[in-house]
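Asks: What follows is a single structure, and I will ask about it in a moment.
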Amino acid sequence: MNAHDFIIAMPDGSEQALSKFAGKVILAVNTASKCGFTPQYEGLEALHKKYGEKGLVVLAFPCNQFGGQEPGNAEEIRNFCTLKYDVTFPITAKIEVNGDAADPLWQHMKQQQAGLLGSRAIKWNFTKFLIDPTGKVVGRYGPQVKPVAREKDIERLLA
(Lines give C-alpha, C1' and ligand atoms only; values in the text may rest on other atoms or scores of the structure.)
Protein backbone atom coordinates (compact mmCIF):
# COMPACT_ATOMS: atom_id res chain seq x y z
CA MET A 1 0.00 0.00 0.00
CA ASN A 2 1.22 3.50 -0.80
CA ALA A 3 -0.14 7.04 -0.67
CA HIS A 4 -1.67 6.71 -4.13
CA ASP A 5 -4.09 4.11 -2.75
CA PHE A 6 -5.91 6.72 -0.66
CA ILE A 7 -8.83 9.03 -1.37
CA ILE A 8 -9.05 12.48 0.19
CA ALA A 9 -12.14 14.54 0.91
CA MET A 10 -12.43 17.94 -0.70
CA PRO A 11 -14.25 20.94 0.81
CA ASP A 12 -17.16 20.71 -1.65
CA GLY A 13 -17.94 17.15 -0.51
CA SER A 14 -16.28 15.51 -3.50
CA GLU A 15 -13.48 13.00 -3.22
CA GLN A 16 -10.09 12.99 -4.92
CA ALA A 17 -8.03 9.84 -5.49
CA LEU A 18 -4.36 10.47 -4.80
CA SER A 19 -3.63 8.13 -7.71
CA LYS A 20 -4.36 11.25 -9.80
CA PHE A 21 -0.95 12.47 -8.64
CA ALA A 22 1.00 9.32 -9.56
CA GLY A 23 4.31 10.41 -11.06
CA LYS A 24 4.30 13.65 -9.08
CA VAL A 25 5.91 14.65 -5.79
CA ILE A 26 3.41 15.48 -3.03
CA LEU A 27 4.05 17.72 -0.04
CA ALA A 28 1.20 17.11 2.43
CA VAL A 29 0.83 19.59 5.31
CA ASN A 30 -1.65 19.81 8.17
CA THR A 31 -2.55 23.49 8.34
CA ALA A 32 -4.33 26.01 10.56
CA SER A 33 -5.28 29.65 10.05
CA LYS A 34 -4.62 30.91 13.57
CA CYS A 35 -1.25 29.31 14.32
CA GLY A 36 2.17 30.83 14.86
CA PHE A 37 3.31 28.75 11.87
CA THR A 38 0.50 30.02 9.59
CA PRO A 39 2.92 32.33 7.70
CA GLN A 40 4.39 29.12 6.25
CA TYR A 41 1.56 29.34 3.73
CA GLU A 42 3.82 31.86 1.95
CA GLY A 43 6.62 29.32 1.65
CA LEU A 44 4.23 26.57 0.57
CA GLU A 45 2.80 28.81 -2.14
CA ALA A 46 6.32 29.75 -3.27
CA LEU A 47 7.19 26.06 -3.65
CA HIS A 48 3.92 25.46 -5.50
CA LYS A 49 4.63 28.29 -7.94
CA LYS A 50 8.27 27.32 -8.46
CA TYR A 51 7.83 23.55 -8.84
CA GLY A 52 4.15 22.95 -9.64
CA GLU A 53 4.70 22.74 -13.39
CA LYS A 54 7.69 20.47 -12.77
CA GLY A 55 5.56 17.95 -10.85
CA LEU A 56 5.17 19.14 -7.25
CA VAL A 57 1.72 18.99 -5.67
CA VAL A 58 1.29 20.87 -2.39
CA LEU A 59 -1.77 19.69 -0.44
CA ALA A 60 -3.03 21.54 2.64
CA PHE A 61 -5.09 19.54 5.13
CA PRO A 62 -6.81 21.94 7.56
CA CYS A 63 -6.93 20.54 11.09
CA ASN A 64 -8.45 21.94 14.28
CA GLN A 65 -6.88 19.42 16.70
CA PHE A 66 -4.13 21.70 18.01
CA GLY A 67 -5.25 24.60 20.16
CA GLY A 68 -8.47 25.05 18.18
CA GLN A 69 -6.42 27.02 15.63
CA GLU A 70 -8.55 26.09 12.59
CA PRO A 71 -12.12 26.84 13.71
CA GLY A 72 -13.48 27.95 10.33
CA ASN A 73 -15.60 26.12 7.83
CA ALA A 74 -14.36 25.26 4.33
CA GLU A 75 -15.36 28.61 2.83
CA GLU A 76 -13.78 30.60 5.67
CA ILE A 77 -10.56 28.60 5.39
CA ARG A 78 -10.37 29.05 1.61
CA ASN A 79 -11.11 32.79 1.86
CA PHE A 80 -8.45 33.27 4.53
CA CYS A 81 -5.81 31.37 2.56
CA THR A 82 -6.64 33.11 -0.70
CA LEU A 83 -6.95 36.65 0.62
CA LYS A 84 -4.13 36.60 3.19
CA TYR A 85 -1.57 34.36 1.45
CA ASP A 86 -2.71 34.14 -2.19
CA VAL A 87 -2.81 30.33 -1.92
CA THR A 88 -3.51 28.59 -5.22
CA PHE A 89 -2.65 24.98 -4.29
CA PRO A 90 -5.41 22.52 -3.22
CA ILE A 91 -6.90 22.71 0.26
CA THR A 92 -8.79 19.61 1.36
CA ALA A 93 -11.74 19.25 3.68
CA LYS A 94 -10.91 19.70 7.35
CA ILE A 95 -9.52 16.49 8.86
CA GLU A 96 -8.15 15.01 12.05
CA VAL A 97 -4.57 13.75 12.03
CA ASN A 98 -4.50 11.97 15.41
CA GLY A 99 -6.85 9.70 17.32
CA ASP A 100 -9.52 7.22 16.29
CA ALA A 101 -10.98 9.59 13.68
CA ALA A 102 -7.63 10.35 12.03
CA ASP A 103 -7.74 10.53 8.26
CA PRO A 104 -6.57 7.21 6.73
CA LEU A 105 -3.90 8.90 4.60
CA TRP A 106 -2.46 10.56 7.68
CA GLN A 107 -2.54 7.26 9.58
CA HIS A 108 -0.56 5.74 6.72
CA MET A 109 1.97 8.58 6.52
CA LYS A 110 2.58 8.46 10.28
CA GLN A 111 3.22 4.71 10.07
CA GLN A 112 5.65 5.15 7.18
CA GLN A 113 7.64 8.02 8.71
CA ALA A 114 7.99 8.35 12.46
CA GLY A 115 8.57 11.71 14.07
CA LEU A 116 11.11 12.81 16.63
CA LEU A 117 12.25 9.97 18.90
CA GLY A 118 10.11 7.50 16.97
CA SER A 119 6.79 9.15 17.81
CA ARG A 120 3.97 8.44 15.39
CA ALA A 121 1.59 11.17 16.61
CA ILE A 122 1.47 14.56 14.95
CA LYS A 123 2.63 17.10 17.51
CA TRP A 124 1.32 20.36 16.00
CA ASN A 125 0.11 22.21 12.92
CA PHE A 126 2.31 22.44 9.83
CA THR A 127 3.85 18.99 10.09
CA LYS A 128 4.90 18.05 6.56
CA PHE A 129 5.17 14.74 4.71
CA LEU A 130 7.00 14.31 1.43
CA ILE A 131 5.75 11.62 -0.95
CA ASP A 132 7.78 10.50 -3.94
CA PRO A 133 6.38 9.97 -7.47
CA THR A 134 5.70 6.26 -6.75
CA GLY A 135 3.57 7.08 -3.68
CA LYS A 136 6.19 6.20 -1.08
CA VAL A 137 6.35 8.46 1.99
CA VAL A 138 10.00 9.51 2.06
CA GLY A 139 10.16 12.37 4.55
CA ARG A 140 8.54 13.84 7.64
CA TYR A 141 9.33 17.34 8.86
CA GLY A 142 8.23 19.13 12.01
CA PRO A 143 6.32 22.40 12.14
CA GLN A 144 9.44 24.45 12.79
CA VAL A 145 10.96 23.29 9.47
CA LYS A 146 10.16 25.97 6.92
CA PRO A 147 8.96 24.77 3.51
CA VAL A 148 11.96 26.26 1.69
CA ALA A 149 14.26 24.12 3.85
CA ARG A 150 12.90 21.06 1.99
CA GLU A 151 13.57 22.49 -1.45
CA LYS A 152 16.64 20.30 -2.08
CA ASP A 153 14.65 17.16 -1.16
CA ILE A 154 11.90 18.20 -3.56
CA GLU A 155 14.36 18.97 -6.37
CA ARG A 156 16.03 15.57 -5.91
CA LEU A 157 12.66 13.78 -6.21
CA LEU A 158 11.67 15.82 -9.26
CA ALA A 159 14.94 15.04 -11.09
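In the C-alpha coordinates, the first chain shown is A, the next is B, and so on; residue numbers restart at 1 for each chain, and ligands run from 1 in the order shown.
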Can you check which residues of region 87-148 of chain A DSSP gives as strand (DSSP E or B) on the backbone and send them as a list in words?

Replies: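 Those in region 87-148 of chain A that DSSP calls strand (DSSP E or B) are Ile91, Ile95, Lys128, Phe129, Leu130, Ile131, Val137, Val138, Gly139, Arg140 and Tyr141 of chain A.
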
Asks: Would you pick out the contacts of Lys34 (chain A) at 10 Å or less, using only C-alpha atoms, so that residues sharing its chain but fewer than 6 positions from it are not included, and give the list as a list of chain:residue names?

Replies: A:Asn64, A:Gly67, A:Gly68, A:Gln69, A:Glu70, A:Pro71, A:Gly72, A:Asn125

Asks: How far is it from CA of Lys54 (chain A) to CA of Arg78 (chain A), in Å with one decimal?

Replies: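 Rounded to one decimal, the two atoms are 24.6 Å apart.
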
Asks: Rank nothing, just name the residue among A:Asn2, A:Gln113, A:Thr127, A:Gln16 nearest to Pro147 (chain A), using only C-alpha atoms.

Replies: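 Under the stated criterion, the closest residue is A:Thr127.
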
Asks: Can you pull out every residue within 12 Å of Pro39 (chain A), counting only C-alpha atoms, but drop anything in the same chain fewer than 2 positions away, and send it as a list in words?

Replies: Thr31, Ala32, Ser33, Lys34, Cys35, Gly36, Phe37, Tyr41, Glu42, Gly43, Leu44, Glu45, Ala46, Phe80, Cys81, Lys84, Tyr85, Asp86, Val87, Asn125, Phe126, Pro143, Gln144, Lys146 and Pro147 of chain A

Asks: At a cut-off of 8 Å, using only C-alpha atoms, what residues contact Gly135 (chain A)? Leave out same-chain residues fewer than 5 positions from it and give the result as a PyMOL selection string.

Replies: chain A and resi 2-4+22

Asks: Have a look at A:Ile154, A:Thr38, A:Lys110, A:Glu53 and name the one nearest to Pro133 (chain A); count only C-alpha atoms.

Replies: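 Once distances to Pro133 (chain A) are computed over only C-alpha atoms, the minimum belongs to A:Ile154.
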
Asks: By how many Å are CA of Leu56 (chain A) and CA of Glu76 (chain A) apart?

Replies: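 Spanning CA of Leu56 (chain A) to CA of Glu76 (chain A) is a straight-line distance of 25.6 Å.
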
Asks: When DSSP is applied to the backbone of this structure, which of chain A are assigned helix (DSSP H, G or I)? Write them out as JSON, numbers by chain.

Replies: {"A": [3, 4, 5, 18, 19, 20, 21, 40, 41, 42, 43, 44, 45, 46, 47, 48, 49, 50, 51, 52, 53, 54, 74, 75, 76, 77, 78, 79, 80, 81, 82, 83, 84, 85, 104, 105, 106, 107, 108, 109, 110, 111, 112, 116, 117, 118, 147, 148, 149, 150, 151, 152, 153, 154, 155, 156, 157, 158]}

Asks: Write out as a ChimeraX atom specification which residues come within 12 Å of Asn30 (chain A) when counting only C-alpha atoms, dropping same-chain ones fewer than 4 positions away.

Replies: /A:35,37-38,40-41,44,58-66,69-70,91-98,102-103,105-106,109,122-129,140-143

Asks: Expressed in Å to a single decimal, how great is the separation between CA of Lys136 (chain A) and CA of Lys49 (chain A)?

Replies: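 Distance reported for this atom pair: 23.2 Å.
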
Asks: Counting only C-alpha atoms, what is within 8 Å of Lys24 (chain A), bar same-chain residues fewer than 6 positions away, as a PyMOL selection string?

Replies: chain A and resi 55-57+132-134+158

Asks: Which of these residues is nearest to Asp153 (chain A), using only C-alpha atoms: A:Ile77, A:Ala121, A:Leu47, A:Ile7?

Replies: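 Looking only at the distances to Asp153 (chain A), the closest residue turns out to be A:Leu47.
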
Asks: Hey, which of A:Gln112, A:Gln107, A:Ala101, A:Asp5 ends up closest to Ala17 (chain A)? Count only C-alpha atoms.

Replies: A:Asp5
